[in-house]
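Text of query05.cif, listed as mmCIF, C-alpha atoms; chains and numbers go by the auth columns:
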data_structure
#
loop_
_atom_site.group_PDB
_atom_site.id
_atom_site.type_symbol
_atom_site.label_atom_id
_atom_site.label_comp_id
_atom_site.label_asym_id
_atom_site.label_seq_id
_atom_site.Cartn_x
_atom_site.Cartn_y
_atom_site.Cartn_z
_atom_site.B_iso_or_equiv
_atom_site.auth_seq_id
_atom_site.auth_asym_id
ATOM 1 C CA GLN A 1 0.000 0.000 0.000 0.00 1 A
ATOM 2 C CA VAL A 2 1.391 3.373 -1.040 0.00 2 A
ATOM 3 C CA LYS A 3 1.465 6.088 1.593 0.00 3 A
ATOM 4 C CA LEU A 4 2.692 9.662 1.394 0.00 4 A
ATOM 5 C CA VAL A 5 2.398 11.403 4.751 0.00 5 A
ATOM 6 C CA GLU A 6 3.101 15.117 5.006 0.00 6 A
ATOM 7 C CA SER A 7 4.054 16.865 8.227 0.00 7 A
ATOM 8 C CA GLY A 8 5.504 20.162 9.378 0.00 8 A
ATOM 9 C CA GLY A 9 2.753 22.564 8.416 0.00 9 A
ATOM 10 C CA GLY A 10 1.327 25.122 10.798 0.00 10 A
ATOM 11 C CA LEU A 11 0.934 28.796 11.561 0.00 11 A
ATOM 12 C CA VAL A 12 3.887 31.122 11.124 0.00 12 A
ATOM 13 C CA GLN A 13 4.361 34.868 10.938 0.00 13 A
ATOM 14 C CA ALA A 14 5.408 36.559 7.719 0.00 14 A
ATOM 15 C CA GLY A 15 9.170 36.347 7.310 0.00 15 A
ATOM 16 C CA GLY A 16 9.342 33.086 9.206 0.00 16 A
ATOM 17 C CA SER A 17 10.312 29.598 8.108 0.00 17 A
ATOM 18 C CA LEU A 18 8.808 26.126 8.044 0.00 18 A
ATOM 19 C CA ARG A 19 10.051 22.762 6.808 0.00 19 A
ATOM 20 C CA LEU A 20 7.579 20.320 5.335 0.00 20 A
ATOM 21 C CA SER A 21 8.357 16.621 5.249 0.00 21 A
ATOM 22 C CA CYS A 22 6.756 13.833 3.234 0.00 22 A
ATOM 23 C CA ALA A 23 7.445 10.286 4.370 0.00 23 A
ATOM 24 C CA ALA A 24 6.897 7.758 1.604 0.00 24 A
ATOM 25 C CA SER A 25 6.250 4.036 1.878 0.00 25 A
ATOM 26 C CA GLY A 26 5.108 1.351 -0.535 0.00 26 A
ATOM 27 C CA ILE A 27 7.056 2.800 -3.486 0.00 27 A
ATOM 28 C CA ILE A 28 10.625 2.695 -4.752 0.00 28 A
ATOM 29 C CA PHE A 29 11.156 6.242 -3.578 0.00 29 A
ATOM 30 C CA SER A 30 14.478 6.787 -5.322 0.00 30 A
ATOM 31 C CA ALA A 31 12.925 6.020 -8.721 0.00 31 A
ATOM 32 C CA HIS A 32 10.157 8.618 -8.446 0.00 32 A
ATOM 33 C CA THR A 33 10.124 12.267 -9.383 0.00 33 A
ATOM 34 C CA MET A 34 8.840 14.007 -6.271 0.00 34 A
ATOM 35 C CA ASN A 35 6.854 17.211 -6.279 0.00 35 A
ATOM 36 C CA TRP A 36 5.305 19.679 -3.887 0.00 36 A
ATOM 37 C CA TYR A 37 2.011 21.219 -4.963 0.00 37 A
ATOM 38 C CA ARG A 38 -0.184 23.706 -3.185 0.00 38 A
ATOM 39 C CA GLN A 39 -3.857 24.535 -3.394 0.00 39 A
ATOM 40 C CA ALA A 40 -6.260 27.094 -2.031 0.00 40 A
ATOM 41 C CA PRO A 41 -9.959 26.249 -1.558 0.00 41 A
ATOM 42 C CA GLY A 42 -11.780 26.372 -4.867 0.00 42 A
ATOM 43 C CA LYS A 43 -8.587 26.938 -6.825 0.00 43 A
ATOM 44 C CA GLN A 44 -6.451 24.711 -9.024 0.00 44 A
ATOM 45 C CA ARG A 45 -3.523 22.883 -7.523 0.00 45 A
ATOM 46 C CA GLU A 46 -0.213 24.492 -8.554 0.00 46 A
ATOM 47 C CA LEU A 47 3.256 23.023 -8.764 0.00 47 A
ATOM 48 C CA VAL A 48 5.628 24.584 -6.248 0.00 48 A
ATOM 49 C CA ALA A 49 8.810 22.555 -6.649 0.00 49 A
ATOM 50 C CA ALA A 50 10.026 19.330 -8.210 0.00 50 A
ATOM 51 C CA ILE A 51 13.031 17.053 -7.792 0.00 51 A
ATOM 52 C CA THR A 52 13.994 14.237 -10.130 0.00 52 A
ATOM 53 C CA PRO A 53 15.515 10.911 -9.090 0.00 53 A
ATOM 54 C CA GLY A 54 18.869 12.368 -10.098 0.00 54 A
ATOM 55 C CA GLY A 55 18.412 15.422 -7.904 0.00 55 A
ATOM 56 C CA ASP A 56 17.604 18.036 -10.530 0.00 56 A
ATOM 57 C CA THR A 57 15.242 20.662 -9.145 0.00 57 A
ATOM 58 C CA ASN A 58 12.713 23.097 -10.529 0.00 58 A
ATOM 59 C CA TYR A 59 10.713 25.834 -8.800 0.00 59 A
ATOM 60 C CA ALA A 60 7.728 28.007 -9.430 0.00 60 A
ATOM 61 C CA TYR A 61 8.782 31.587 -10.042 0.00 61 A
ATOM 62 C CA SER A 62 6.879 32.781 -6.974 0.00 62 A
ATOM 63 C CA VAL A 63 8.994 30.682 -4.589 0.00 63 A
ATOM 64 C CA LYS A 64 12.379 30.684 -6.298 0.00 64 A
ATOM 65 C CA GLY A 65 15.110 31.789 -3.910 0.00 65 A
ATOM 66 C CA ARG A 66 12.887 31.250 -0.851 0.00 66 A
ATOM 67 C CA PHE A 67 11.976 27.553 -0.998 0.00 67 A
ATOM 68 C CA THR A 68 14.303 24.566 -1.317 0.00 68 A
ATOM 69 C CA ILE A 69 13.198 21.063 -2.239 0.00 69 A
ATOM 70 C CA SER A 70 15.362 18.104 -1.236 0.00 70 A
ATOM 71 C CA ARG A 71 15.096 14.373 -0.829 0.00 71 A
ATOM 72 C CA ASP A 72 16.671 11.666 1.328 0.00 72 A
ATOM 73 C CA ASN A 73 16.538 8.396 -0.584 0.00 73 A
ATOM 74 C CA VAL A 74 17.711 6.445 2.472 0.00 74 A
ATOM 75 C CA LYS A 75 14.928 7.762 4.698 0.00 75 A
ATOM 76 C CA ASN A 76 12.427 7.785 1.791 0.00 76 A
ATOM 77 C CA THR A 77 11.537 11.337 2.699 0.00 77 A
ATOM 78 C CA LEU A 78 10.923 14.505 0.700 0.00 78 A
ATOM 79 C CA TYR A 79 11.434 17.950 2.178 0.00 79 A
ATOM 80 C CA LEU A 80 10.454 21.513 1.419 0.00 80 A
ATOM 81 C CA GLN A 81 12.335 24.188 3.301 0.00 81 A
ATOM 82 C CA MET A 82 10.323 27.391 3.163 0.00 82 A
ATOM 83 C CA ASN A 83 12.013 30.635 4.180 0.00 83 A
ATOM 84 C CA ASN A 84 10.869 34.243 4.169 0.00 84 A
ATOM 85 C CA LEU A 85 7.257 33.112 4.100 0.00 85 A
ATOM 86 C CA LYS A 86 4.592 35.532 2.912 0.00 86 A
ATOM 87 C CA PRO A 87 0.842 35.619 3.565 0.00 87 A
ATOM 88 C CA GLU A 88 0.315 34.649 -0.076 0.00 88 A
ATOM 89 C CA ASP A 89 2.074 31.344 0.664 0.00 89 A
ATOM 90 C CA THR A 90 -0.963 30.290 2.695 0.00 90 A
ATOM 91 C CA PHE A 91 -2.175 27.051 1.113 0.00 91 A
ATOM 92 C CA ILE A 92 -2.592 23.356 1.685 0.00 92 A
ATOM 93 C CA TYR A 93 0.663 21.766 0.531 0.00 93 A
ATOM 94 C CA TYR A 94 0.597 18.324 -1.075 0.00 94 A
ATOM 95 C CA CYS A 95 3.354 15.803 -1.671 0.00 95 A
ATOM 96 C CA ASN A 96 3.225 14.030 -5.042 0.00 96 A
ATOM 97 C CA ALA A 97 5.177 11.047 -6.382 0.00 97 A
ATOM 98 C CA VAL A 98 5.357 10.347 -10.099 0.00 98 A
ATOM 99 C CA PHE A 99 6.634 7.309 -11.978 0.00 99 A
ATOM 100 C CA GLY A 100 5.663 7.249 -15.629 0.00 100 A
ATOM 101 C CA SER A 101 1.916 7.786 -15.794 0.00 101 A
ATOM 102 C CA VAL A 102 1.327 6.817 -12.162 0.00 102 A
ATOM 103 C CA ASN A 103 0.719 9.527 -9.572 0.00 103 A
ATOM 104 C CA TYR A 104 0.426 9.252 -5.819 0.00 104 A
ATOM 105 C CA TRP A 105 -0.695 12.013 -3.469 0.00 105 A
ATOM 106 C CA GLY A 106 -0.437 12.752 0.199 0.00 106 A
ATOM 107 C CA GLN A 107 -3.296 14.055 2.305 0.00 107 A
ATOM 108 C CA GLY A 108 -1.955 17.596 2.485 0.00 108 A
ATOM 109 C CA SER A 109 -0.525 19.853 5.169 0.00 109 A
ATOM 110 C CA LEU A 110 -1.918 23.305 5.905 0.00 110 A
ATOM 111 C CA VAL A 111 0.499 26.226 5.986 0.00 111 A
ATOM 112 C CA THR A 112 -0.868 29.526 7.247 0.00 112 A
ATOM 113 C CA VAL A 113 1.247 32.675 7.140 0.00 113 A
ATOM 114 C CA SER A 114 -0.003 35.621 9.155 0.00 114 A
ATOM 115 C CA SER A 115 0.869 39.222 8.326 0.00 115 A
#

Write the structure described by the file as structure tokens, please.
Amino acid sequence: QVKLVESGGGLVQAGGSLRLSCAASGIIFSAHTMNWYRQAPGKQRELVAAITPGGDTNYAYSVKGRFTISRDNVKNTLYLQMNNLKPEDTFIYYCNAVFGSVNYWGQGSLVTVSS
């Protein structure tokens, strides 16, 4: 059974930092491209950051220079370090694993940034 479990969300003041984690089980983690998405109620989910099995990364323009995606293939865990958070970063953040045409999703972790 595939499980992606996010943790680390919460309430933080603008300018603060949070680190999200996504613990994966039931998949060959090292073979999957891993992504962080975020979504506001009633809005489309948007890609925040991606990391390939080889470690190449890509970021949405809005978070470039503030967020860092990383992975630990021994611990089967994905991370998103979020610095200099802004109120507009308030979303539910989702972990996503992709292998070919197969997608897996976590349950989401709420990040709220107060001004």

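CA of Leu85 (chain A) to CA of Gln107 (chain A) spans 21.9 Å [interatomic distance, one decimal].
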
Explicit residues for the PyMOL selection byres ((chain A and resi 48) around 8) (as number ranges by chain):
A: 35-38, 46-47, 49-50, 59-60, 63

Residues picked by the PyMOL selection byres ((chain A and resi 86) around 10) here, as a PyMOL selection string?
chain A and resi 12-17+63+82-85+87-90+112-115

Just C-alpha atoms for this one: save the residues we selected as a short mmCIF file (atom, residue, chain, number, x, y, z; two decimals), keeping the file's coordinate frame.
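Dumped to selection.cif:
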data_model
loop_
_atom_site.label_atom_id
_atom_site.label_comp_id
_atom_site.auth_asym_id
_atom_site.auth_seq_id
_atom_site.Cartn_x
_atom_site.Cartn_y
_atom_site.Cartn_z
CA VAL A 12 3.89 31.12 11.12
CA GLN A 13 4.36 34.87 10.94
CA ALA A 14 5.41 36.56 7.72
CA GLY A 15 9.17 36.35 7.31
CA GLY A 16 9.34 33.09 9.21
CA SER A 17 10.31 29.60 8.11
CA VAL A 63 8.99 30.68 -4.59
CA MET A 82 10.32 27.39 3.16
CA ASN A 83 12.01 30.64 4.18
CA ASN A 84 10.87 34.24 4.17
CA LEU A 85 7.26 33.11 4.10
CA PRO A 87 0.84 35.62 3.56
CA GLU A 88 0.32 34.65 -0.08
CA ASP A 89 2.07 31.34 0.66
CA THR A 90 -0.96 30.29 2.70
CA THR A 112 -0.87 29.53 7.25
CA VAL A 113 1.25 32.67 7.14
CA SER A 114 0.00 35.62 9.15
CA SER A 115 0.87 39.22 8.33
#

Starting from the displayed file, determine the output of the PyMOL selection byres ((chain A and resi 5) around 12) and express the residue list as a ChimeraX atom specification.
/A:2-4,6-9,20-26,76-79,93-97,104-109

Non-local contacts of region 31-33 of chain A (7 Å; all atoms listed in the file; under 5 positions in same chain excluded) as a list in words:
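So the residues in contact are Ile51, Thr52, Pro53, Ala97, Val98 and Phe99 of chain A.
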
Centre and size of axis-aligned box enclosing region 81-89 of chain A plus 4 Å each side, as JSON:
{"center_x": 6.3, "center_y": 29.9, "center_z": 2.1, "size_x": 20.0, "size_y": 19.4, "size_z": 12.3}

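With only C-alpha atoms taken into account, every residue lying no more than 10 Å from the file point (19.9, 10.4, -1.7) is included here: Phe29, Ser30, Pro53, Gly54, Gly55, Ser70, Arg71, Asp72, Asn73, Val74, Lys75, Asn76 and Thr77 of chain A.
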
Please identify all polymer residues within 6 Å of Leu80 (chain A), counting all atoms listed in the file, omitting same-chain residues fewer than 3 positions from it, and present them as a CSV table (one decimal) with C-alpha atoms, keeping the file's coordinate frame.
chain,number,residue,atom,x,y,z
A,19,ARG,CA,10.1,22.8,6.8
A,20,LEU,CA,7.6,20.3,5.3
A,68,THR,CA,14.3,24.6,-1.3
A,69,ILE,CA,13.2,21.1,-2.2

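Interatomic distance, CA of Gly100 (chain A) to CA of Lys64 (chain A): 26.1 Å.
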